[in-house]
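Content type PDB, C-alpha atoms, from the file start_38.pdb:
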ATOM      1  CA  ALA E 626     -13.903  13.686   1.213
ATOM      2  CA  ALA E 627     -14.539  10.690   3.470
ATOM      3  CA  ALA E 628     -11.151  11.123   5.123
ATOM      4  CA  GLY E 629     -11.828  14.813   5.700
ATOM      5  CA  ALA E 630     -15.263  14.087   7.121
ATOM      6  CA  ALA E 631     -13.849  11.527   9.557
ATOM      7  CA  ALA E 632     -11.143  13.920  10.689
ATOM      8  CA  GLY E 633     -13.611  16.783  11.055
ATOM      9  CA  ALA E 634     -15.996  14.683  13.111
ATOM     10  CA  LEU E 635     -13.285  13.654  15.545
ATOM     11  CA  LEU E 636     -11.980  17.199  15.806
ATOM     12  CA  ALA E 637     -15.445  18.507  16.561
ATOM     13  CA  LEU E 638     -16.352  15.840  19.092
ATOM     14  CA  GLY E 639     -13.147  14.865  20.802
ATOM     15  CA  ARG E 640     -10.756  17.717  20.064
ATOM     16  CA  ARG E 641      -8.012  15.183  19.443
ATOM     17  CA  PRO E 642      -6.161  16.222  16.288
ATOM     18  CA  ALA E 643      -3.661  13.360  16.453
ATOM     19  CA  THR E 644      -6.411  10.744  16.529
ATOM     20  CA  ALA E 645      -8.319  12.578  13.831
ATOM     21  CA  LEU E 646      -5.282  12.636  11.579
ATOM     22  CA  ALA E 647      -4.671   8.929  12.143
ATOM     23  CA  VAL E 648      -8.253   8.075  11.234
ATOM     24  CA  ALA E 649      -8.075  10.323   8.184
ATOM     25  CA  PHE E 650      -4.903   8.567   7.052
ATOM     26  CA  ALA E 651      -6.491   5.158   7.592
ATOM     27  CA  VAL E 652      -9.674   6.044   5.696
ATOM     28  CA  PHE E 653      -7.659   7.523   2.858
ATOM     29  CA  ALA E 654      -5.461   4.420   2.708
ATOM     30  CA  MET E 655      -8.450   2.093   2.512
ATOM     31  CA  ILE E 656     -10.134   4.177  -0.180
ATOM     32  CA  PHE E 657      -6.916   4.449  -2.165
ATOM     33  CA  LEU E 658      -6.250   0.719  -2.038
ATOM     34  CA  THR E 659      -9.802  -0.309  -2.910
ATOM     35  CA  VAL E 660     -10.597   2.312  -5.557
ATOM     36  CA  VAL E 661      -7.275   3.295  -7.131
ATOM     37  CA  GLY E 662      -5.028   0.319  -6.648
ATOM     38  CA  ALA E 663      -4.976  -3.440  -6.367
ATOM     39  CA  PRO E 664      -2.660  -5.877  -4.552
ATOM     40  CA  ARG E 665       0.944  -5.249  -5.655
ATOM     41  CA  SER E 666      -0.244  -2.189  -7.549
ATOM     42  CA  LEU E 667       2.550  -0.234  -9.196
ATOM     43  CA  ARG E 668       0.596   3.003  -8.843
ATOM     44  CA  VAL E 669       0.179   2.509  -5.106
ATOM     45  CA  THR E 670       3.858   1.649  -4.690
ATOM     46  CA  THR E 671       4.916   4.735  -6.641
ATOM     47  CA  VAL E 672       2.699   7.118  -4.687
ATOM     48  CA  LEU E 673       3.695   5.638  -1.338
ATOM     49  CA  ALA E 674       7.408   5.642  -2.202
ATOM     50  CA  VAL E 675       7.375   9.319  -3.179
ATOM     51  CA  TRP E 676       5.290  10.210  -0.130
ATOM     52  CA  MET E 677       7.587   8.211   2.146
ATOM     53  CA  ILE E 678      10.741   9.873   0.809
ATOM     54  CA  TYR E 679       9.141  13.294   1.204
ATOM     55  CA  LEU E 680       8.121  12.726   4.836
ATOM     56  CA  LEU E 681      11.474  11.186   5.757
ATOM     57  CA  THR E 682      13.305  14.105   4.171
ATOM     58  CA  GLU E 683      11.087  16.683   5.848
ATOM     59  CA  GLY E 684      11.541  15.007   9.219
ATOM     60  CA  ALA E 685      15.312  14.776   8.828
ATOM     61  CA  LEU E 686      15.597  18.438   7.819
ATOM     62  CA  ALA E 687      13.381  19.572  10.696
ATOM     63  CA  SER E 688      15.113  17.566  13.427
ATOM     64  CA  ASN E 689      18.679  17.949  12.147
ATOM     65  CA  ALA E 690      18.745  21.510  10.856
ATOM     66  CA  ARG E 691      22.057  23.059   9.871
ATOM     67  CA  PRO E 692      23.585  25.539  12.361
ATOM     68  CA  ASP E 693      23.121  28.410   9.897
ATOM     69  CA  GLU E 694      19.446  27.586   9.407
ATOM     70  CA  VAL E 695      16.443  27.439  11.699
ATOM     71  CA  ARG E 696      16.650  25.764  15.084
ATOM     72  CA  PRO E 697      15.978  22.012  15.154
ATOM     73  CA  ALA E 698      12.358  21.094  15.736
ATOM     74  CA  HIS E 699      10.625  18.007  17.037
ATOM     75  CA  LEU E 700       9.218  15.523  14.589
ATOM     76  CA  GLY E 701       5.599  16.083  13.710
ATOM     77  CA  PHE E 702       2.834  13.525  13.829
ATOM     78  CA  GLN E 703       3.182  12.926  10.100
ATOM     79  CA  HIS E 704       6.888  12.139  10.490
ATOM     80  CA  THR E 705       6.294   9.360  13.015
ATOM     81  CA  PHE E 706       2.830   7.825  12.991
ATOM     82  CA  GLY E 707       2.174   8.991   9.439
ATOM     83  CA  VAL E 708       5.323   7.247   8.225
ATOM     84  CA  LEU E 709       4.346   4.130  10.177
ATOM     85  CA  LEU E 710       0.945   4.132   8.503
ATOM     86  CA  LEU E 711       2.512   4.591   5.066
ATOM     87  CA  LEU E 712       4.761   1.627   5.756
ATOM     88  CA  ALA E 713       1.777  -0.472   6.823
ATOM     89  CA  VAL E 714      -0.174   0.401   3.678
ATOM     90  CA  GLY E 715       2.890  -0.222   1.522
ATOM     91  CA  VAL E 716       3.561  -3.636   3.050
ATOM     92  CA  ALA E 717      -0.118  -4.550   2.691
ATOM     93  CA  ASN E 718       0.081  -3.646  -0.986
ATOM     94  CA  ASP E 719       3.461  -5.268  -1.681
ATOM     95  CA  PRO E 720       5.752  -6.884   0.933
ATOM     96  CA  LEU E 721       8.759  -5.525  -0.960
ATOM     97  CA  PHE E 722       7.906  -2.099   0.471
ATOM     98  CA  THR E 723       9.473  -3.448   3.681
ATOM     99  CA  LEU E 724      12.811  -2.429   2.190
ATOM    100  CA  PHE E 725      11.991   1.092   3.394
ATOM    101  CA  ALA E 726      11.924  -0.084   7.024
ATOM    102  CA  PRO E 727      15.694   0.346   7.684
ATOM    103  CA  ALA E 728      15.557   3.921   6.377
ATOM    104  CA  VAL E 729      12.527   4.660   8.564
ATOM    105  CA  ALA E 730      14.203   3.274  11.689
ATOM    106  CA  LEU E 731      17.462   5.094  10.942
ATOM    107  CA  ASN E 732      15.663   8.374  10.339
ATOM    108  CA  LEU E 733      13.866   8.131  13.686
ATOM    109  CA  PHE E 734      17.123   7.231  15.430
ATOM    110  CA  LEU E 735      18.995  10.194  13.934
ATOM    111  CA  ALA E 736      16.125  12.469  14.949
ATOM    112  CA  ARG E 737      16.359  11.163  18.541
ATOM    113  CA  ALA E 738      12.622  10.630  18.457
ATOM    114  CA  ARG E 739      11.052   9.678  21.779
ATOM    115  CA  LEU E 740       8.330   7.265  20.834
ATOM    116  CA  PRO E 741       6.287   4.796  22.878
ATOM    117  CA  PHE E 742       7.346   1.192  23.076
ATOM    118  CA  TRP E 743       4.328   0.026  21.109
ATOM    119  CA  PHE E 744       5.441   2.190  18.172
ATOM    120  CA  TRP E 745       8.729   0.327  17.871
ATOM    121  CA  GLY E 746       6.902  -2.946  18.423
ATOM    122  CA  THR E 747       4.513  -2.140  15.588
ATOM    123  CA  LEU E 748       7.432  -1.223  13.342
ATOM    124  CA  ALA E 749       9.102  -4.546  14.170
ATOM    125  CA  VAL E 750       5.886  -6.483  13.504
ATOM    126  CA  LEU E 751       5.373  -4.747  10.151
ATOM    127  CA  THR E 752       8.962  -5.506   9.224
ATOM    128  CA  GLY E 753       8.517  -9.139  10.193
ATOM    129  CA  ILE E 754       5.321  -9.424   8.159
ATOM    130  CA  GLY E 755       7.049  -7.854   5.178
ATOM    131  CA  VAL E 756      10.102 -10.100   5.448
ATOM    132  CA  ARG E 757       7.829 -13.127   5.620
ATOM    133  CA  GLY E 758       5.967 -11.919   2.540
ATOM    134  CA  ILE E 759       9.239 -11.412   0.672
ATOM    135  CA  SER E 760      10.436 -14.893   1.620
ATOM    136  CA  LEU E 761       7.175 -16.479   0.466
ATOM    137  CA  THR E 762       7.156 -14.554  -2.810
ATOM    138  CA  TYR E 763      10.780 -14.321  -3.868
ATOM    139  CA  VAL E 764      12.678 -17.065  -2.017
ATOM    140  CA  SER E 765      12.914 -20.638  -3.269
ATOM    141  CA  PRO E 766      15.154 -23.143  -1.443
ATOM    142  CA  ASP E 767      16.373 -24.492  -4.781
ATOM    143  CA  TRP E 768      17.589 -21.088  -5.946
ATOM    144  CA  TRP E 769      18.510 -19.324  -2.691
ATOM    145  CA  SER E 770      21.693 -21.372  -2.264
ATOM    146  CA  PHE E 771      22.532 -21.509  -5.970
ATOM    147  CA  PRO E 772      26.329 -21.133  -6.463
ATOM    148  CA  ALA E 773      27.275 -17.543  -7.230
ATOM    149  CA  GLU E 774      29.940 -18.530  -9.757
ATOM    150  CA  GLN E 775      27.259 -20.172 -11.904
ATOM    151  CA  THR E 776      24.919 -17.173 -12.044
ATOM    152  CA  PRO E 777      26.463 -15.807 -15.292
ATOM    153  CA  GLN E 778      25.238 -19.008 -16.966
ATOM    154  CA  ILE E 779      21.598 -18.181 -16.175
ATOM    155  CA  ILE E 780      20.054 -17.043 -19.442
ATOM    156  CA  THR E 781      16.403 -17.194 -18.400
ATOM    157  CA  HIS E 782      14.545 -15.002 -15.933
ATOM    158  CA  ILE E 783      14.144 -16.687 -12.561
ATOM    159  CA  PRO E 784      11.623 -14.874 -10.308
ATOM    160  CA  PHE E 785      13.581 -15.747  -7.178
ATOM    161  CA  LEU E 786      16.529 -14.520  -5.133
ATOM    162  CA  ILE E 787      20.023 -16.010  -5.243
ATOM    163  CA  ALA E 788      21.801 -15.121  -2.016
ATOM    164  CA  ASP E 789      25.381 -14.890  -3.291
ATOM    165  CA  ALA E 790      24.629 -13.303  -6.660
ATOM    166  CA  TRP E 791      25.858  -9.917  -5.422
ATOM    167  CA  ARG E 792      29.410 -11.282  -5.549
ATOM    168  CA  GLU E 793      29.340 -11.441  -9.341
ATOM    169  CA  PRO E 794      30.588  -8.280 -11.131
ATOM    170  CA  GLN E 795      28.110  -8.949 -13.927
ATOM    171  CA  ARG E 796      25.217  -8.251 -11.563
ATOM    172  CA  TRP E 797      26.646  -4.845 -10.660
ATOM    173  CA  LEU E 798      27.179  -3.988 -14.313
ATOM    174  CA  LYS E 799      23.641  -5.045 -15.130
ATOM    175  CA  LEU E 800      22.236  -2.768 -12.443
ATOM    176  CA  ILE E 801      24.355   0.140 -13.653
ATOM    177  CA  GLU E 802      23.082  -0.532 -17.170
ATOM    178  CA  LEU E 803      19.526  -0.308 -15.844
ATOM    179  CA  ILE E 804      20.180   3.138 -14.368
ATOM    180  CA  ILE E 805      21.996   4.347 -17.483
ATOM    181  CA  GLY E 806      19.233   2.951 -19.658
ATOM    182  CA  GLN E 807      16.704   5.009 -17.720
ATOM    183  CA  PHE E 808      18.639   8.249 -17.254
ATOM    184  CA  THR E 809      21.657   8.107 -19.622
ATOM    185  CA  PRO E 810      25.246   8.408 -18.311
ATOM    186  CA  PHE E 811      24.568  12.099 -17.694
ATOM    187  CA  GLY E 812      21.821  11.146 -15.249
ATOM    188  CA  LEU E 813      24.098   8.689 -13.462
ATOM    189  CA  ILE E 814      26.747  11.388 -12.983
ATOM    190  CA  LEU E 815      24.114  13.876 -11.827
ATOM    191  CA  GLY E 816      22.875  11.397  -9.233
ATOM    192  CA  ILE E 817      26.375  10.873  -7.852
ATOM    193  CA  LEU E 818      26.974  14.627  -7.637
ATOM    194  CA  GLY E 819      23.607  15.176  -5.985
ATOM    195  CA  LEU E 820      24.254  12.500  -3.380
ATOM    196  CA  ALA E 821      27.721  13.912  -2.666
ATOM    197  CA  ARG E 822      26.407  17.425  -2.050
ATOM    198  CA  LEU E 823      23.369  16.200  -0.130
ATOM    199  CA  SER E 824      25.568  14.131   2.179
ATOM    200  CA  ARG E 825      27.778  17.161   2.810
ATOM    201  CA  TRP E 826      25.085  19.785   3.362
ATOM    202  CA  HIS E 827      22.470  17.568   5.026
ATOM    203  CA  PRO E 828      24.181  14.370   6.262
ATOM    204  CA  PRO E 829      21.061  12.771   7.849
ATOM    205  CA  VAL E 830      19.139  13.104   4.591
ATOM    206  CA  GLY E 831      22.059  11.702   2.635
ATOM    207  CA  VAL E 832      22.417   8.727   4.976
ATOM    208  CA  MET E 833      18.673   8.073   4.954
ATOM    209  CA  THR E 834      18.398   8.099   1.166
ATOM    210  CA  MET E 835      21.530   5.970   0.811
ATOM    211  CA  THR E 836      20.024   3.415   3.190
ATOM    212  CA  ALA E 837      16.772   3.183   1.242
ATOM    213  CA  TYR E 838      18.694   3.094  -2.035
ATOM    214  CA  GLY E 839      21.028   0.426  -0.688
ATOM    215  CA  THR E 840      18.274  -1.968   0.369
ATOM    216  CA  TYR E 841      16.704  -1.860  -3.081
ATOM    217  CA  LEU E 842      20.159  -2.088  -4.652
ATOM    218  CA  VAL E 843      20.882  -5.334  -2.802
ATOM    219  CA  PHE E 844      17.521  -6.715  -3.878
ATOM    220  CA  GLY E 845      18.279  -5.817  -7.486
ATOM    221  CA  LEU E 846      21.635  -7.563  -7.296
ATOM    222  CA  ILE E 847      20.222 -10.882  -6.132
ATOM    223  CA  TYR E 848      16.855 -10.914  -7.932
ATOM    224  CA  PHE E 849      16.681 -12.536 -11.371
ATOM    225  CA  GLY E 850      13.073 -11.884 -12.375
ATOM    226  CA  PHE E 851      12.124 -10.168 -15.626
ATOM    227  CA  ASP E 852      10.128  -7.595 -13.640
ATOM    228  CA  ALA E 853      13.196  -6.314 -11.779
ATOM    229  CA  PRO E 854      13.035  -2.810 -13.372
ATOM    230  CA  VAL E 855       9.454  -2.456 -12.133
ATOM    231  CA  LEU E 856      10.202  -3.702  -8.630
ATOM    232  CA  LEU E 857      13.174  -1.333  -8.419
ATOM    233  CA  LEU E 858      11.026   1.717  -9.127
ATOM    234  CA  PRO E 859      11.652   3.221  -5.633
ATOM    235  CA  LEU E 860      15.384   3.022  -6.369
ATOM    236  CA  LEU E 861      14.828   5.001  -9.562
ATOM    237  CA  VAL E 862      12.734   7.526  -7.624
ATOM    238  CA  ILE E 863      15.643   8.116  -5.246
ATOM    239  CA  GLN E 864      17.962   8.442  -8.248
ATOM    240  CA  VAL E 865      15.729  11.227  -9.589
ATOM    241  CA  TYR E 866      15.780  12.795  -6.112
ATOM    242  CA  TRP E 867      19.583  12.972  -6.197
ATOM    243  CA  MET E 868      19.600  14.255  -9.763
ATOM    244  CA  THR E 869      17.202  17.038  -8.830
ATOM    245  CA  TYR E 870      19.344  18.032  -5.873
ATOM    246  CA  ALA E 871      22.337  18.185  -8.195
ATOM    247  CA  SER E 872      20.396  20.690 -10.296
ATOM    248  CA  TYR E 873      19.697  22.742  -7.169
ATOM    249  CA  THR E 874      23.395  22.596  -6.267
ATOM    250  CA  PHE E 875      24.249  23.876  -9.730
ATOM    251  CA  SER E 876      21.887  26.830  -9.287
ATOM    252  CA  VAL E 877      23.510  27.682  -5.933
ATOM    253  CA  TRP E 878      26.936  27.539  -7.556
ATOM    254  CA  LEU E 879      25.765  29.864 -10.342
ATOM    255  CA  ARG E 880      24.450  32.407  -7.842
ATOM    256  CA  ARG E 881      27.675  32.431  -5.865
ATOM    257  CA  SER E 882      30.117  32.409  -8.770
ATOM    258  CA  THR E 883      28.435  34.960 -11.042
ATOM    259  CA  ASP E 884      26.784  38.327 -10.702
ATOM    260  CA  ALA E 885      23.589  37.046 -12.272
ATOM    261  CA  PRO E 886      20.358  37.557 -10.306
ATOM    262  CA  ALA E 887      19.140  34.613  -8.260
ATOM    263  CA  ARG E 888      16.125  34.100 -10.510
ATOM    264  CA  ARG E 889      18.298  33.953 -13.618
ATOM    265  CA  ALA E 890      20.651  31.469 -11.976
ATOM    266  CA  GLU E 891      17.730  29.217 -11.070
ATOM    267  CA  LEU E 892      16.408  29.373 -14.626
ATOM    268  CA  GLY E 893      19.868  28.558 -15.972
ATOM    269  CA  ALA E 894      20.151  25.510 -13.726
ATOM    270  CA  ALA E 895      16.659  24.365 -14.711
ATOM    271  CA  ALA E 896      17.518  24.774 -18.398
ATOM    272  CA  ALA E 897      20.665  22.683 -17.969
ATOM    273  CA  PHE E 898      18.703  20.046 -16.068
ATOM    274  CA  ALA E 899      16.115  19.965 -18.886
ATOM    275  CA  ILE E 900      18.772  18.586 -21.231
ATOM    276  CA  LEU E 901      18.378  15.160 -19.621
ATOM    277  CA  PRO E 902      14.648  14.590 -20.315
ATOM    278  CA  ILE E 903      15.169  15.970 -23.824
ATOM    279  CA  LEU E 904      17.906  13.404 -24.443
ATOM    280  CA  MET E 905      15.692  10.662 -23.029
ATOM    281  CA  ALA E 906      12.816  11.701 -25.304
ATOM    282  CA  LEU E 907      15.123  11.700 -28.321
ATOM    283  CA  ARG E 908      16.333   8.204 -27.407
ATOM    284  CA  ILE E 909      12.762   6.946 -27.153
ATOM    285  CA  ALA E 910      11.988   8.493 -30.528
ATOM    286  CA  GLY E 911      15.064   6.815 -32.011
ATOM    287  CA  VAL E 912      16.710  10.082 -33.016
ATOM    288  CA  VAL E 913      19.879   9.475 -30.990
TER
END
Target format structure tokens, applied to this file:
Amino acid sequence: AAAGAAAGALLALGRRPATALAVAFAVFAMIFLTVVGAPRSLRVTTVLAVWMIYLLTEGALASNARPDEVRPAHLGFQHTFGVLLLLAVGVANDPLFTLFAPAVALNLFLARARLPFWFWGTLAVLTGIGVRGISLTYVSPDWWSFPAEQTPQIITHIPFLIADAWREPQRWLKLIELIIGQFTPFGLILGILGLARLSRWHPPVGVMTMTAYGTYLVFGLIYFGFDAPVLLLPLLVIQVYWMTYASYTFSVWLRRSTDAPARRAELGAAAAFAILPILMALRIAGVV
């Protein structure tokens, strides 16, 4: 309500919708952080991650439309300054949200966005602040240069980063186990299929999501804290994104390969996709 009132007041007085939207975003962010969340709030991170992925996807689809679809359009205010504001709120909540910065910059580059110099300067400053926060929180000189070949001997949880830990195959297997533990092997395969089709049909979206996924993947490989599954929640969100697109791909394949109506094909794909959460629920209940 407060955000809407601020936007309405600016629209009525100044007739500047861009400024009104920026103020509305800022007021909403402050209210959300003070009322709903707290510093390093998981709820805030989850909401911002989903919102960020949505805006980046929408911007990539609008500015890099397929030839057989609508004509490419310019990025909207929400795809540029809105994304910048989301990044600022995310970094203020948890510096680890800075891992979205490469995907944001890449998305704007692929969209050929013409933005003022101060926009890129602000993005660089936010990234620098986030990197500094990550270094203060997760980097210890004693552990940063720890030999990679000795990481398999670590049996306790160390809440710090080890730079060369990504070289150890055990770290990759552990991360794969995390994904399988959340979504089962079926979910892992669905995610791979979804990414493959997304990269073929909408390459900018595929590259953008792979970039965001990759930054969190690298963090997961070199971080040894017990809260790694929680900190890697944006990675799991992107995994669900790919899995959902795989379900959509399956529905398209059903429509094209059978004579079934489009609605029936969509329901069939949704029913097949529903097998995964059912399996996950059965695993939680200890049935399977």
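In terms of minimum interatomic distance to Tyr866 (chain E), E:Ile678 ranks closest within E:Ile805, E:Ile678, E:Ile754, E:Val843, counting all atoms listed in the file.
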Selected by the PyMOL selection byres ((chain E and resi 756) around 12) in the shown coordinates: which residues, as an mmCIF file with C-alpha atoms, in the frame of the given file?
data_model
loop_
_atom_site.group_PDB
_atom_site.id
_atom_site.type_symbol
_atom_site.label_atom_id
_atom_site.label_comp_id
_atom_site.auth_asym_id
_atom_site.auth_seq_id
_atom_site.Cartn_x
_atom_site.Cartn_y
_atom_site.Cartn_z
ATOM 1 C CA VAL E 716 3.561 -3.636 3.050
ATOM 2 C CA ALA E 717 -0.118 -4.550 2.691
ATOM 3 C CA ASP E 719 3.461 -5.268 -1.681
ATOM 4 C CA PRO E 720 5.752 -6.884 0.933
ATOM 5 C CA LEU E 721 8.759 -5.525 -0.960
ATOM 6 C CA PHE E 722 7.906 -2.099 0.471
ATOM 7 C CA THR E 723 9.473 -3.448 3.681
ATOM 8 C CA LEU E 724 12.811 -2.429 2.190
ATOM 9 C CA PHE E 725 11.991 1.092 3.394
ATOM 10 C CA ALA E 726 11.924 -0.084 7.024
ATOM 11 C CA ALA E 749 9.102 -4.546 14.170
ATOM 12 C CA VAL E 750 5.886 -6.483 13.504
ATOM 13 C CA LEU E 751 5.373 -4.747 10.151
ATOM 14 C CA THR E 752 8.962 -5.506 9.224
ATOM 15 C CA GLY E 753 8.517 -9.139 10.193
ATOM 16 C CA ILE E 754 5.321 -9.424 8.159
ATOM 17 C CA GLY E 755 7.049 -7.854 5.178
ATOM 18 C CA ARG E 757 7.829 -13.127 5.620
ATOM 19 C CA GLY E 758 5.967 -11.919 2.540
ATOM 20 C CA ILE E 759 9.239 -11.412 0.672
ATOM 21 C CA SER E 760 10.436 -14.893 1.620
ATOM 22 C CA LEU E 761 7.175 -16.479 0.466
ATOM 23 C CA THR E 762 7.156 -14.554 -2.810
ATOM 24 C CA TYR E 763 10.780 -14.321 -3.868
ATOM 25 C CA VAL E 764 12.678 -17.065 -2.017
#
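Take the candidates E:Phe875, E:Leu818, E:Pro794, E:Trp826 and check each one against Leu846 (chain E) using all atoms listed in the file; the shortest distance goes to E:Pro794.
If all atoms listed in the file are the atoms counted, then among E:Thr670, E:Gln778, E:Ser824, E:Thr747 the closest residue to Trp867 (chain E) is E:Ser824.
Checking E:Leu861, E:Val729, E:Ala736, E:Ala690 one by one against Tyr838 (chain E), counting all atoms listed in the file, you find the shortest gap at E:Leu861.
Ranking E:Leu823, E:Ala871, E:Ala730, E:Ile783 by their shortest atom-to-atom distance to Asp767 (chain E), with all atoms listed in the file included, puts E:Ile783 first.
Going from CA of Phe702 (chain E) to CA of Leu820 (chain E) covers 27.5 Å.
You can rank E:Val830, E:Ala821, E:Tyr848, E:Phe808 by their closest distance to Arg796 (chain E) using only C-alpha atoms, and at the top of that list sits E:Tyr848.
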*Point-to-point distance in Å for CA of Phe771 (chain E) and CA of Ile787 (chain E)*: 6.1 Å
*Let me know the residues the PyMOL selection byres ((chain E and resi 797) around 12) catches in the file above, as number ranges by chain.*
E: 777, 790-796, 798-804, 842-848
Keeping only C-alpha atoms, take the residues you just selected and write them out as an mmCIF file, in the frame of the given file.
data_model
loop_
_atom_site.group_PDB
_atom_site.id
_atom_site.type_symbol
_atom_site.label_atom_id
_atom_site.label_comp_id
_atom_site.auth_asym_id
_atom_site.auth_seq_id
_atom_site.Cartn_x
_atom_site.Cartn_y
_atom_site.Cartn_z
ATOM 1 C CA PRO E 777 26.463 -15.807 -15.292
ATOM 2 C CA ALA E 790 24.629 -13.303 -6.660
ATOM 3 C CA TRP E 791 25.858 -9.917 -5.422
ATOM 4 C CA ARG E 792 29.410 -11.282 -5.549
ATOM 5 C CA GLU E 793 29.340 -11.441 -9.341
ATOM 6 C CA PRO E 794 30.588 -8.280 -11.131
ATOM 7 C CA GLN E 795 28.110 -8.949 -13.927
ATOM 8 C CA ARG E 796 25.217 -8.251 -11.563
ATOM 9 C CA LEU E 798 27.179 -3.988 -14.313
ATOM 10 C CA LYS E 799 23.641 -5.045 -15.130
ATOM 11 C CA LEU E 800 22.236 -2.768 -12.443
ATOM 12 C CA ILE E 801 24.355 0.140 -13.653
ATOM 13 C CA GLU E 802 23.082 -0.532 -17.170
ATOM 14 C CA LEU E 803 19.526 -0.308 -15.844
ATOM 15 C CA ILE E 804 20.180 3.138 -14.368
ATOM 16 C CA LEU E 842 20.159 -2.088 -4.652
ATOM 17 C CA VAL E 843 20.882 -5.334 -2.802
ATOM 18 C CA PHE E 844 17.521 -6.715 -3.878
ATOM 19 C CA GLY E 845 18.279 -5.817 -7.486
ATOM 20 C CA LEU E 846 21.635 -7.563 -7.296
ATOM 21 C CA ILE E 847 20.222 -10.882 -6.132
ATOM 22 C CA TYR E 848 16.855 -10.914 -7.932
#
What are the centre and edge lengths in Å, to one decimal, of the axis-aligned box around all listed atoms of region 759-774 of chain E with 4 Å added on each side, as JSON?
{"center_x": 18.5, "center_y": -18.0, "center_z": -4.1, "size_x": 30.8, "size_y": 21.1, "size_z": 19.4}
*Please measure the separation of CA of Gly839 (chain E) and CA of Leu860 (chain E), giving the value in Å to one decimal.*
8.4 Å
*Got a sec: who's within 12 Å of Arg825 (chain E), counting only C-alpha atoms, leaving out chain neighbours fewer than 6 positions off, as an NGL selection string?*
:E and (691 or 818-819 or 831-832 or 874)
*asked:* I need the output of the PyMOL selection byres ((chain E and resi 705) around 12) for this file as a PyMOL selection string; which residues are they?
replied: chain E and resi 643+647+677+680-681+683-685+699-704+706-712+729-730+732-734+736-741+744-745+747-748
